[in-house]
Amino acid sequence: MTTLNAASLHALSPAVSVPTYDRSAVGSGIVHFGVGNFHRAHEAMFIDRLLNAGDTEWGICGVGVLPFDAAMKDTLAAQDGLYTLSTTSPQGVTESRIVGSLIEYLFAPDGPQAVMDKLVAPETRIVSLTVTEGGYSVDDATGEFAPNDEATLSDLADSLSAPARLPRSVLGYIVESLRRRRECGIPAFTVMSCDNIQGNGLVAKVAVVGFAARRDPALASWISEQVSFPSSMVDRITPATTDETRAALRAAHDIEDLWPVHSESFEQWVLEDAFPLGRPAFDTVGVQLVDDVEPYELMKLRLLNASHQAMSYLGILSGAQSVHEVCTDPLFATFLRQYMHDEAIPTLQPVPGINLTAYCDQLVARFSSEAIRDTLARQVVDASDRIPKFLLPVVAEQLSRGGQISHASLVLAAWSVFLEGHTDAGTPTAPVDRRLAELSGAVAAEAERPGSFLDYAPVFGTLGANATLRAAFIAARASLKAQGARKTLTQLTQI
């Protein structure tokens with residue numbers, strides 16, 4: 001068994017691709033907050049391709065700010081920043097490579113000054129983010145900056161009384177480093193969000209400018225004028241790493257990797273070309289650079305991401321555990337196709353170069369891959385952040401045009417039943433959501449006043465008051481409670 005690190009690369013199987021560049025000669029032009037599996041299966045992989053092609057300016061310095069990021073710090077330190085990325089096609093063909101683009105990792109709680117120095121350094125020209133849908137402190141209902149996490153609120157409070165104190169939050173680091181760059185005459189870096197949010201560039205701008213405005217309106221104005229926030233659409237299904245993932249890598253290639261990544265072979269990154277200080281030659285390594293990302297991101301969010309929500313609550317209620325399990329079930333596959341074609345696609349813009357029917361077929365094939373081993377449980381974490389971004393925009397637009405919402409309203413009803421904590425057969429479930437206590441209260445109110453779940457404003461805003469939605473939700477929830485998920489789906493899909 002070969003333990004993965006820089007010294008062992010030469011000993012790995014020829015079947016595993018390894019970096020061909022001198023990692024000691026690579027500069028870190030990119031600082032990335034949120035080094036998880038998705039970043040390592042996506043942005044870090046594209047940059048690794050670029051480095052292999054000879055462009056050594058754009059290595060990545062990863063940054064972790066949360067306590068659980070200490071595990072990534074320790075893993076990357078033990079492996080000299082290296083990790084294995086294995087990708088599997090829908091046909092079950094797996095390829096593995098060692099990714100070396102993470103040339104440095106900083107754990108902010110241990111060394112906040114090192115993080116600030118890296119952000120202020122002129123060599124840092126891009127700061128990228130995968131901090132989850134809820135990491136921007138932007139209210140889903142109002143679209144305004146509305147911080148509620150302890151680290152961001154602490155940074156805002158301290159910035160008024162002790163502006164020189166080093167921050168704790170991602171937004172705090174970005175704003176303070178931009179302030180210092182302005183003070184030193186260093187041009188502003190580009191902030192590049194890679195999170196699954198419609199208009200993620202605009203959301204990032206609202207968050208950063210909103211934070212700065214509470215500290216210094218003049219700084220906020222400067223950031224608004226000087227900082228570029230390109231939007232992007234990123235797509236690659238990437239499950240969490242498990243002991244099974246590690247065991248499969250050992251069995252296939254005799255590699256001992258503490259935190260390998262396993263994803264599907266499909267990859268897509270559509271990126272707005274707005275980088276005033278320059279950018280990697282993304283277009284040479286498979287990234288699609290465009291002037292307008294919106295048609296692509298709406299397609300992905302309302303078809304792929306919303307479909308994950310559509311399948312997961314109903315699937316869990318019916319007793320399923322894995323994505324491929326429900327998507328190879330004709331009942332669920334029919335339900336997903338009907339949702340995509342009858343409710344989601346009517347809300348989309350034309351997508352250049354994309355046949356939407358073929359895209360939907362491809363999605364079902366991707367979801368059906370048993371080799372990916374993705375779980376329904378992964379899809380339902382923090383649903384109160386995901387539902388408003390993926391599914392509710394479809395509902396709102398369909399209601400505005402008098403379109404069908406029967407499938408989407410059933411998903412909302414299934415979410416509310418799932419939050420009660422058990423499947424149709426009575427098996428306990430364990431919802432994970434930062435708003436779980438409030439959501440549970442909203443669900444409990446359904447017993448006395450059907451439809452009251454839709455009154456939970458942090459998720460539904462004013463949309464929940466729509467009479468058509470309320471009627472559809474109440475009927476769908478009553479059917480789920482009386483008949484269960486499968487019978488309700490059978491009646492709706494008519495198969």
# chains A, B, ... in the order shown; residues from 1 in each chain; ligands from 1
$ residues_around --residues "Lys73 of chain A" --least-positions-apart "6" --cutoff "8 Å" --atoms "only C-alpha atoms" --output "VMD selection string"
chain A and resid 64 105 to 107
$ residues_around --residues "segment 122-130 of chain A" --least-positions-apart "4" --cutoff "7 Å" --atoms "only C-alpha atoms" --output "list of chain:residue names"
A:Ser28, A:Gly29, A:Ile30, A:Val31, A:His32, A:Phe33, A:Gly34, A:His39, A:Lys118, A:Ile186, A:Phe189, A:Thr190, A:Val191, A:Met192, A:Ser193, A:Cys194, A:Asp195, A:Leu277
$ write_last_selection --atoms "all heavy atoms" --output "CSV table (one decimal), in the first residue's frame"
chain,number,residue,atom,x,y,z
A,28,SER,N,0.5,31.1,-6.2
A,28,SER,CA,-0.9,31.0,-5.8
A,28,SER,C,-1.6,32.2,-6.2
A,28,SER,O,-1.8,33.2,-5.4
A,28,SER,CB,-1.0,30.7,-4.3
A,28,SER,OG,-0.3,31.7,-3.5
A,29,GLY,N,-2.1,32.3,-7.4
A,29,GLY,CA,-2.8,33.4,-7.9
A,29,GLY,C,-4.3,33.4,-7.4
A,29,GLY,O,-5.0,34.4,-7.5
A,30,ILE,N,-4.7,32.2,-6.9
A,30,ILE,CA,-6.1,32.1,-6.4
A,30,ILE,C,-6.1,31.7,-4.9
A,30,ILE,O,-5.4,30.8,-4.5
A,30,ILE,CB,-6.8,31.0,-7.2
A,30,ILE,CG1,-6.8,31.3,-8.7
A,30,ILE,CG2,-8.2,30.8,-6.7
A,30,ILE,CD1,-7.3,30.1,-9.6
A,31,VAL,N,-7.0,32.4,-4.2
A,31,VAL,CA,-7.3,32.0,-2.8
A,31,VAL,C,-8.7,31.5,-2.8
A,31,VAL,O,-9.6,32.1,-3.3
A,31,VAL,CB,-7.1,33.2,-1.8
A,31,VAL,CG1,-7.6,32.8,-0.4
A,31,VAL,CG2,-5.7,33.6,-1.7
A,32,HIS,N,-8.9,30.3,-2.2
A,32,HIS,CA,-10.2,29.7,-2.2
A,32,HIS,C,-10.7,29.4,-0.8
A,32,HIS,O,-10.1,28.7,0.0
A,32,HIS,CB,-10.2,28.4,-3.0
A,32,HIS,CG,-11.6,27.8,-3.1
A,32,HIS,ND1,-12.5,28.2,-4.0
A,32,HIS,CD2,-12.2,26.8,-2.3
A,32,HIS,CE1,-13.7,27.5,-3.8
A,32,HIS,NE2,-13.5,26.7,-2.8
A,33,PHE,N,-11.9,29.9,-0.5
A,33,PHE,CA,-12.6,29.6,0.8
A,33,PHE,C,-13.6,28.5,0.6
A,33,PHE,O,-14.4,28.5,-0.3
A,33,PHE,CB,-13.4,30.9,1.3
A,33,PHE,CG,-12.5,32.0,1.8
A,33,PHE,CD1,-12.1,33.0,1.0
A,33,PHE,CD2,-12.1,31.9,3.2
A,33,PHE,CE1,-11.4,34.1,1.6
A,33,PHE,CE2,-11.4,33.0,3.7
A,33,PHE,CZ,-11.0,34.0,2.9
A,34,GLY,N,-13.4,27.5,1.4
A,34,GLY,CA,-14.4,26.3,1.3
A,34,GLY,C,-13.8,25.2,0.6
A,34,GLY,O,-14.4,24.8,-0.4
A,39,HIS,N,-15.3,21.5,-4.5
A,39,HIS,CA,-14.2,22.4,-5.0
A,39,HIS,C,-13.1,21.5,-5.6
A,39,HIS,O,-12.5,21.7,-6.6
A,39,HIS,CB,-13.6,23.2,-3.9
A,39,HIS,CG,-12.3,23.9,-4.2
A,39,HIS,ND1,-12.2,24.9,-5.2
A,39,HIS,CD2,-11.1,23.6,-3.8
A,39,HIS,CE1,-10.9,25.2,-5.3
A,39,HIS,NE2,-10.2,24.5,-4.4
A,118,LYS,N,-2.0,36.7,2.7
A,118,LYS,CA,-2.2,36.1,1.4
A,118,LYS,C,-3.3,36.8,0.6
A,118,LYS,O,-3.1,37.0,-0.6
A,118,LYS,CB,-2.6,34.6,1.6
A,118,LYS,CG,-2.9,33.9,0.4
A,118,LYS,CD,-1.7,33.7,-0.5
A,118,LYS,CE,-0.6,32.8,0.1
A,118,LYS,NZ,0.5,32.5,-0.8
A,186,ILE,N,-3.1,48.7,-3.9
A,186,ILE,CA,-3.1,47.4,-4.6
A,186,ILE,C,-4.5,47.2,-5.3
A,186,ILE,O,-5.5,47.3,-4.6
A,186,ILE,CB,-2.8,46.2,-3.7
A,186,ILE,CG1,-1.4,46.5,-3.0
A,186,ILE,CG2,-2.8,44.9,-4.4
A,186,ILE,CD1,-1.1,45.5,-1.9
A,189,PHE,N,-8.9,42.3,-6.0
A,189,PHE,CA,-9.0,41.0,-6.6
A,189,PHE,C,-10.4,40.8,-7.1
A,189,PHE,O,-11.4,41.5,-6.7
A,189,PHE,CB,-8.6,39.9,-5.7
A,189,PHE,CG,-9.1,40.0,-4.3
A,189,PHE,CD1,-10.5,39.8,-4.0
A,189,PHE,CD2,-8.3,40.2,-3.2
A,189,PHE,CE1,-11.0,39.9,-2.7
A,189,PHE,CE2,-8.8,40.2,-1.9
A,189,PHE,CZ,-10.2,40.1,-1.7
A,190,THR,N,-10.6,39.8,-7.9
A,190,THR,CA,-12.0,39.4,-8.4
A,190,THR,C,-12.5,38.3,-7.4
A,190,THR,O,-11.8,37.5,-6.9
A,190,THR,CB,-11.9,38.7,-9.8
A,190,THR,OG1,-11.5,39.7,-10.7
A,190,THR,CG2,-13.2,38.1,-10.2
A,191,VAL,N,-13.8,38.5,-7.1
A,191,VAL,CA,-14.5,37.5,-6.2
A,191,VAL,C,-15.3,36.6,-7.1
A,191,VAL,O,-16.2,37.1,-7.7
A,191,VAL,CB,-15.4,38.2,-5.1
A,191,VAL,CG1,-16.1,37.2,-4.3
A,191,VAL,CG2,-14.5,39.1,-4.2
A,192,MET,N,-15.0,35.3,-7.1
A,192,MET,CA,-15.6,34.4,-8.0
A,192,MET,C,-16.4,33.3,-7.2
A,192,MET,O,-15.8,32.4,-6.6
A,192,MET,CB,-14.6,33.7,-8.9
A,192,MET,CG,-15.1,32.7,-9.9
A,192,MET,SD,-13.8,32.0,-10.9
A,192,MET,CE,-12.9,30.9,-9.8
A,193,SER,N,-17.7,33.4,-7.1
A,193,SER,CA,-18.5,32.4,-6.4
A,193,SER,C,-18.7,31.2,-7.3
A,193,SER,O,-19.0,31.3,-8.5
A,193,SER,CB,-19.9,33.0,-6.1
A,193,SER,OG,-20.7,32.0,-5.6
A,194,CYS,N,-18.6,30.0,-6.7
A,194,CYS,CA,-18.9,28.8,-7.4
A,194,CYS,C,-20.0,28.0,-6.8
A,194,CYS,O,-20.1,26.8,-7.0
A,194,CYS,CB,-17.6,27.9,-7.5
A,194,CYS,SG,-16.2,28.6,-8.3
A,195,ASP,N,-20.8,28.7,-6.0
A,195,ASP,CA,-21.9,28.0,-5.3
A,195,ASP,C,-23.1,27.9,-6.1
A,195,ASP,O,-23.3,28.7,-7.1
A,195,ASP,CB,-22.2,28.7,-4.0
A,195,ASP,CG,-21.2,28.4,-2.9
A,195,ASP,OD1,-21.2,27.2,-2.5
A,195,ASP,OD2,-20.5,29.3,-2.4
A,277,LEU,N,-8.0,41.7,-13.4
A,277,LEU,CA,-6.6,41.5,-13.1
A,277,LEU,C,-6.1,40.3,-13.9
A,277,LEU,O,-5.0,39.8,-13.6
A,277,LEU,CB,-6.3,41.3,-11.6
A,277,LEU,CG,-6.6,42.6,-10.7
A,277,LEU,CD1,-6.1,42.3,-9.3
A,277,LEU,CD2,-5.8,43.8,-11.3
$ select_by_dssp --residues "segment 146-332 of chain A" --states "strand (DSSP E or B)" --output "CSV table (one decimal) with C-alpha atoms, in the first residue's frame"
chain,number,residue,atom,x,y,z
A,190,THR,CA,-12.0,39.4,-8.4
A,191,VAL,CA,-14.5,37.5,-6.2
A,192,MET,CA,-15.6,34.4,-8.0
A,193,SER,CA,-18.5,32.4,-6.4
A,232,SER,CA,-20.8,31.0,-12.8
A,233,MET,CA,-22.7,27.7,-13.3
A,234,VAL,CA,-20.8,24.7,-12.0
A,235,ASP,CA,-22.0,21.1,-12.4
A,255,ILE,CA,-3.3,4.1,-2.6
A,256,GLU,CA,-3.8,5.1,1.0
A,261,VAL,CA,-12.8,12.4,-3.9
A,262,HIS,CA,-15.1,10.4,-6.0
A,263,SER,CA,-17.4,12.1,-8.5
A,264,GLU,CA,-19.3,11.5,-11.7
A,268,GLN,CA,-19.5,21.6,-16.7
A,269,TRP,CA,-18.4,25.0,-15.8
A,270,VAL,CA,-19.9,28.0,-17.5
A,271,LEU,CA,-18.2,31.3,-16.4
A,272,GLU,CA,-18.8,34.9,-17.0
A,288,GLN,CA,-17.1,27.7,-21.2
A,289,LEU,CA,-16.6,31.4,-21.0
A,290,VAL,CA,-19.7,33.5,-21.8
A,322,SER,CA,-29.8,6.3,-2.6
$ closest_residue --among "A:Ala188, A:Met299, A:Leu331, A:Leu258" --to "Thr245 of chain A" --atoms "only C-alpha atoms"
A:Leu258
$ residues_around --residues "Ser307 of chain A" --least-positions-apart "5" --cutoff "9 Å" --atoms "only C-alpha atoms" --output "count of residues only"
8
$ residues_around --residues "Phe211 of chain A" --least-positions-apart "6" --cutoff "9 Å" --atoms "only C-alpha atoms" --output "number ranges by chain"
A: 145, 147, 152, 156, 171-172, 175, 220
$ write_last_selection --atoms "all heavy atoms" --output "PDB file, in the first residue's frame"
ATOM      1  N   PHE A 145     -28.763  41.802   2.276  1.00  0.00           N
ATOM      2  CA  PHE A 145     -27.787  41.291   3.233  1.00  0.00           C
ATOM      3  C   PHE A 145     -28.431  41.228   4.609  1.00  0.00           C
ATOM      4  O   PHE A 145     -28.934  42.230   5.121  1.00  0.00           O
ATOM      5  CB  PHE A 145     -26.565  42.207   3.250  1.00  0.00           C
ATOM      6  CG  PHE A 145     -25.475  41.773   4.208  1.00  0.00           C
ATOM      7  CD1 PHE A 145     -24.850  40.546   4.062  1.00  0.00           C
ATOM      8  CD2 PHE A 145     -25.076  42.611   5.240  1.00  0.00           C
ATOM      9  CE1 PHE A 145     -23.846  40.148   4.933  1.00  0.00           C
ATOM     10  CE2 PHE A 145     -24.071  42.225   6.116  1.00  0.00           C
ATOM     11  CZ  PHE A 145     -23.450  40.994   5.959  1.00  0.00           C
ATOM     12  N   PRO A 147     -27.194  39.168   7.852  1.00  0.00           N
ATOM     13  CA  PRO A 147     -26.343  38.185   8.542  1.00  0.00           C
ATOM     14  C   PRO A 147     -27.009  37.627   9.787  1.00  0.00           C
ATOM     15  O   PRO A 147     -27.711  38.347  10.515  1.00  0.00           O
ATOM     16  CB  PRO A 147     -25.099  39.002   8.897  1.00  0.00           C
ATOM     17  CG  PRO A 147     -25.584  40.414   8.981  1.00  0.00           C
ATOM     18  CD  PRO A 147     -26.649  40.529   7.932  1.00  0.00           C
ATOM     19  N   THR A 152     -19.960  36.145  11.467  1.00  0.00           N
ATOM     20  CA  THR A 152     -20.174  37.374  10.701  1.00  0.00           C
ATOM     21  C   THR A 152     -20.671  38.493  11.599  1.00  0.00           C
ATOM     22  O   THR A 152     -20.196  39.639  11.512  1.00  0.00           O
ATOM     23  CB  THR A 152     -21.180  37.119   9.562  1.00  0.00           C
ATOM     24  OG1 THR A 152     -20.687  36.079   8.721  1.00  0.00           O
ATOM     25  CG2 THR A 152     -21.382  38.374   8.730  1.00  0.00           C
ATOM     26  N   LEU A 156     -18.809  42.093  12.369  1.00  0.00           N
ATOM     27  CA  LEU A 156     -19.448  43.388  12.170  1.00  0.00           C
ATOM     28  C   LEU A 156     -19.415  44.219  13.441  1.00  0.00           C
ATOM     29  O   LEU A 156     -19.162  45.432  13.396  1.00  0.00           O
ATOM     30  CB  LEU A 156     -20.892  43.193  11.706  1.00  0.00           C
ATOM     31  CG  LEU A 156     -21.064  42.760  10.262  1.00  0.00           C
ATOM     32  CD1 LEU A 156     -22.501  42.318  10.002  1.00  0.00           C
ATOM     33  CD2 LEU A 156     -20.683  43.894   9.313  1.00  0.00           C
ATOM     34  N   LEU A 171     -16.725  36.688   4.927  1.00  0.00           N
ATOM     35  CA  LEU A 171     -17.004  38.050   4.499  1.00  0.00           C
ATOM     36  C   LEU A 171     -16.097  39.047   5.192  1.00  0.00           C
ATOM     37  O   LEU A 171     -15.651  40.031   4.586  1.00  0.00           O
ATOM     38  CB  LEU A 171     -18.471  38.394   4.759  1.00  0.00           C
ATOM     39  CG  LEU A 171     -19.499  37.597   3.953  1.00  0.00           C
ATOM     40  CD1 LEU A 171     -20.921  38.007   4.347  1.00  0.00           C
ATOM     41  CD2 LEU A 171     -19.296  37.784   2.460  1.00  0.00           C
ATOM     42  N   GLY A 172     -15.809  38.796   6.463  1.00  0.00           N
ATOM     43  CA  GLY A 172     -14.907  39.677   7.188  1.00  0.00           C
ATOM     44  C   GLY A 172     -13.520  39.705   6.573  1.00  0.00           C
ATOM     45  O   GLY A 172     -12.904  40.774   6.416  1.00  0.00           O
ATOM     46  N   VAL A 175     -13.667  41.596   3.055  1.00  0.00           N
ATOM     47  CA  VAL A 175     -13.828  43.047   3.151  1.00  0.00           C
ATOM     48  C   VAL A 175     -12.596  43.699   3.767  1.00  0.00           C
ATOM     49  O   VAL A 175     -12.103  44.727   3.267  1.00  0.00           O
ATOM     50  CB  VAL A 175     -15.096  43.391   3.954  1.00  0.00           C
ATOM     51  CG1 VAL A 175     -15.161  44.887   4.265  1.00  0.00           C
ATOM     52  CG2 VAL A 175     -16.333  42.962   3.172  1.00  0.00           C
ATOM     53  N   ALA A 220     -17.612  50.499   0.985  1.00  0.00           N
ATOM     54  CA  ALA A 220     -18.634  49.754   0.234  1.00  0.00           C
ATOM     55  C   ALA A 220     -18.774  50.306  -1.176  1.00  0.00           C
ATOM     56  O   ALA A 220     -18.888  49.550  -2.150  1.00  0.00           O
ATOM     57  CB  ALA A 220     -19.972  49.815   0.968  1.00  0.00           C
TER      58      ALA A 220
END
$ residues_around --residues "segment 411-427 of chain A" --least-positions-apart "2" --cutoff "6 Å" --atoms "only C-alpha atoms" --output "ChimeraX atom specification"
/A:310,313-314,317,408-409,429,473,477,484
$ atom_distance --atom1 "atom CA of Val208 of chain A" --atom2 "atom CA of Ile223 of chain A"
8.2 Å
$ select_by_dssp --residues "segment 23-135 of chain A" --states "helix (DSSP H, G or I)" --output "MDAnalysis selection string"
chainID A and resid 23:25 37:41 43:52 67:78 112:120 133:135
$ atom_distance --atom1 "atom CA of Ala478 of chain A" --atom2 "atom CA of Asp455 of chain A"
17.5 Å
